[in-house]
Amino acid sequence: MKVSTRGDYAARALLSLALHDQDRPTSVKEIAERTKLPQPYLEQILLAVKGAGLVHSKRGVGGGYVLARVPEQITLADIVAAVEGPAPTLAEGHDHCEGHCVLQEVWVQLDDETRTVLARITLAELIERTRRGHS
C-alpha cells in the first residue's frame with residue numbers, strides 16, 4: 001500500500017493545523033501558504049477530512065478549519081482513510097499461475113503492515129517529531 005498524494009496532502013494539512021493550534025480557525029489560504037500545497041486541491045481535501053469528522057469548519061470572516069479531536073486521537077490511518085476511502089481488498093480467487101497466489105499473500109501482508117504503522121502514528125507524535133527535529 002502506497003499513500004497517495006491525496007493522503008500525503010491531507011496529513012500535511014492536518015499536521016499544520018495541529019502545529020499551529022490556535023483559538024481561532026485557520027483559513028485554507030493560511031494552510032496552503034504554510035504547507036506549500038495548491039489551495040484548490042487543499043480545499044477538496046479539507047472537505048473530505050471534514051466529512052470524516054477530523055476537522056470542523058467555520059464560515060465567513062475569521063472562518064477556517066480546526067481539528068475536531070485532540071492530536072492524540074487522530075492517526076495517520078484516520079487521515080488516509082478519510083481521503084482515500086476504505087482500503088481495497090485483493091481478489092480472493094487465485095490463478096496459481098507462476099506463484100501468483102504467493103505474491104498476492106505478500107501484497108496483502110505489506111498492506112496490513114502499512115495500515116498497522118499508519119494506525120500507530122498520531123498527529124501528537126508527528127508534532128513531537130517535528131519539534132525535535134525530524135528524528
# chains A, B, ... in the order shown; residues from 1 in each chain; ligands from 1
call {"tool": "residues_around", "arguments": {"residues": "Lys36 in chain A", "least_positions_apart": "6", "cutoff": "12 Å", "atoms": "only C-alpha atoms", "output": "ChimeraX atom specification"}}
result
/A:9,12-13,16,28-30,42
call {"tool": "select_by_dssp", "arguments": {"residues": "chain A", "states": "strand (DSSP E or B)", "output": "number ranges by chain"}}
result
A: 26, 55-58, 64-67, 75, 122
call {"tool": "write_last_selection", "arguments": {"atoms": "C-alpha atoms", "output": "PDB file, in the first residue's frame"}}
result
ATOM      1  CA  THR A  26      -7.199  28.594  10.208  1.00  0.00           C
ATOM      2  CA  VAL A  55     -11.930  18.783  11.334  1.00  0.00           C
ATOM      3  CA  HIS A  56     -14.677  21.343  11.872  1.00  0.00           C
ATOM      4  CA  SER A  57     -15.126  24.419   9.743  1.00  0.00           C
ATOM      5  CA  LYS A  58     -16.453  27.892  10.338  1.00  0.00           C
ATOM      6  CA  GLY A  64     -11.474  28.293   8.505  1.00  0.00           C
ATOM      7  CA  TYR A  65     -10.691  24.893   9.951  1.00  0.00           C
ATOM      8  CA  VAL A  66      -9.876  23.479  13.378  1.00  0.00           C
ATOM      9  CA  LEU A  67      -9.167  19.921  14.450  1.00  0.00           C
ATOM     10  CA  THR A  75      -3.949   8.777  13.455  1.00  0.00           C
ATOM     11  CA  THR A 122      -0.835  10.069  15.798  1.00  0.00           C
TER      12      THR A 122
END
call {"tool": "closest_residue", "arguments": {"among": "A:Ala32, A:Val70, A:Arg59, A:Lys2", "to": "Glu113 in chain A", "atoms": "only C-alpha atoms"}}
result
A:Lys2
call {"tool": "residues_around", "arguments": {"residues": "Leu19 in chain A", "least_positions_apart": "5", "cutoff": "12 Å", "atoms": "only C-alpha atoms", "output": "list of chain:residue names"}}
result
A:Ala11, A:Arg12, A:Ala13, A:Leu14, A:Thr26, A:Ile31, A:Arg34, A:Thr35, A:Val66, A:Leu67, A:Val70, A:Pro71, A:Leu123, A:Ala124, A:Glu125, A:Leu126, A:Ile127, A:Glu128, A:Arg129, A:Thr130, A:Arg131
call {"tool": "write_last_selection", "arguments": {"atoms": "N, CA and C atoms", "output": "PDB file, in the first residue's frame"}}
result
ATOM      1  N   ALA A  11      -2.503  14.623   5.321  1.00  0.00           N
ATOM      2  CA  ALA A  11      -1.685  14.510   6.535  1.00  0.00           C
ATOM      3  C   ALA A  11      -0.910  15.803   6.779  1.00  0.00           C
ATOM      4  N   ARG A  12      -0.368  16.384   5.726  1.00  0.00           N
ATOM      5  CA  ARG A  12       0.378  17.636   5.869  1.00  0.00           C
ATOM      6  C   ARG A  12      -0.529  18.773   6.339  1.00  0.00           C
ATOM      7  N   ALA A  13      -1.734  18.831   5.810  1.00  0.00           N
ATOM      8  CA  ALA A  13      -2.679  19.891   6.197  1.00  0.00           C
ATOM      9  C   ALA A  13      -3.088  19.749   7.660  1.00  0.00           C
ATOM     10  N   LEU A  14      -3.409  18.534   8.083  1.00  0.00           N
ATOM     11  CA  LEU A  14      -3.824  18.339   9.477  1.00  0.00           C
ATOM     12  C   LEU A  14      -2.659  18.519  10.434  1.00  0.00           C
ATOM     13  N   THR A  26      -8.254  28.261  11.160  1.00  0.00           N
ATOM     14  CA  THR A  26      -7.199  28.594  10.208  1.00  0.00           C
ATOM     15  C   THR A  26      -7.771  28.500   8.801  1.00  0.00           C
ATOM     16  N   ILE A  31      -3.252  27.653   5.474  1.00  0.00           N
ATOM     17  CA  ILE A  31      -2.733  26.277   5.446  1.00  0.00           C
ATOM     18  C   ILE A  31      -1.941  26.061   4.159  1.00  0.00           C
ATOM     19  N   ARG A  34       1.436  27.822   4.400  1.00  0.00           N
ATOM     20  CA  ARG A  34       2.372  27.157   5.325  1.00  0.00           C
ATOM     21  C   ARG A  34       2.897  25.842   4.763  1.00  0.00           C
ATOM     22  N   THR A  35       2.030  25.106   4.065  1.00  0.00           N
ATOM     23  CA  THR A  35       2.401  23.769   3.593  1.00  0.00           C
ATOM     24  C   THR A  35       2.905  23.757   2.162  1.00  0.00           C
ATOM     25  N   VAL A  66     -10.510  23.878  12.117  1.00  0.00           N
ATOM     26  CA  VAL A  66      -9.876  23.479  13.378  1.00  0.00           C
ATOM     27  C   VAL A  66      -9.995  21.962  13.487  1.00  0.00           C
ATOM     28  N   LEU A  67      -9.077  21.366  14.220  1.00  0.00           N
ATOM     29  CA  LEU A  67      -9.167  19.921  14.450  1.00  0.00           C
ATOM     30  C   LEU A  67     -10.428  19.619  15.252  1.00  0.00           C
ATOM     31  N   VAL A  70      -8.480  16.045  19.612  1.00  0.00           N
ATOM     32  CA  VAL A  70      -7.116  16.359  20.017  1.00  0.00           C
ATOM     33  C   VAL A  70      -6.141  15.535  19.178  1.00  0.00           C
ATOM     34  N   PRO A  71      -4.927  16.042  18.956  1.00  0.00           N
ATOM     35  CA  PRO A  71      -3.961  15.341  18.102  1.00  0.00           C
ATOM     36  C   PRO A  71      -3.674  13.890  18.531  1.00  0.00           C
ATOM     37  N   LEU A 123      -1.164  12.382  15.245  1.00  0.00           N
ATOM     38  CA  LEU A 123      -0.701  13.756  15.000  1.00  0.00           C
ATOM     39  C   LEU A 123       0.155  14.251  16.156  1.00  0.00           C
ATOM     40  N   ALA A 124      -0.180  13.845  17.376  1.00  0.00           N
ATOM     41  CA  ALA A 124       0.616  14.266  18.544  1.00  0.00           C
ATOM     42  C   ALA A 124       2.066  13.797  18.403  1.00  0.00           C
ATOM     43  N   GLU A 125       2.257  12.573  17.930  1.00  0.00           N
ATOM     44  CA  GLU A 125       3.622  12.067  17.740  1.00  0.00           C
ATOM     45  C   GLU A 125       4.331  12.849  16.642  1.00  0.00           C
ATOM     46  N   LEU A 126       3.615  13.181  15.580  1.00  0.00           N
ATOM     47  CA  LEU A 126       4.226  13.954  14.495  1.00  0.00           C
ATOM     48  C   LEU A 126       4.599  15.362  14.950  1.00  0.00           C
ATOM     49  N   ILE A 127       3.767  15.950  15.805  1.00  0.00           N
ATOM     50  CA  ILE A 127       4.096  17.265  16.376  1.00  0.00           C
ATOM     51  C   ILE A 127       5.407  17.159  17.161  1.00  0.00           C
ATOM     52  N   GLU A 128       5.486  16.150  17.997  1.00  0.00           N
ATOM     53  CA  GLU A 128       6.694  15.942  18.817  1.00  0.00           C
ATOM     54  C   GLU A 128       7.927  15.737  17.932  1.00  0.00           C
ATOM     55  N   ARG A 129       7.806  14.901  16.911  1.00  0.00           N
ATOM     56  CA  ARG A 129       8.925  14.657  15.997  1.00  0.00           C
ATOM     57  C   ARG A 129       9.349  15.925  15.283  1.00  0.00           C
ATOM     58  N   THR A 130       8.375  16.713  14.853  1.00  0.00           N
ATOM     59  CA  THR A 130       8.671  17.959  14.143  1.00  0.00           C
ATOM     60  C   THR A 130       9.413  18.922  15.049  1.00  0.00           C
ATOM     61  N   ARG A 131       8.961  19.056  16.264  1.00  0.00           N
ATOM     62  CA  ARG A 131       9.589  19.998  17.201  1.00  0.00           C
ATOM     63  C   ARG A 131      10.970  19.535  17.643  1.00  0.00           C
TER      64      ARG A 131
END
call {"tool": "closest_residue", "arguments": {"among": "A:Asp78, A:Glu105, A:Glu33, A:Asp112", "to": "Lys50 in chain A", "atoms": "only C-alpha atoms"}}
result
A:Asp78
call {"tool": "residues_around", "arguments": {"residues": "Ala81 in chain A", "least_positions_apart": "4", "cutoff": "12 Å", "atoms": "only C-alpha atoms", "output": "PyMOL selection string"}}
result
chain A and resi 3-4+6-8+10-11+45+48-49+51-54+74-77+85-88+115+118-119
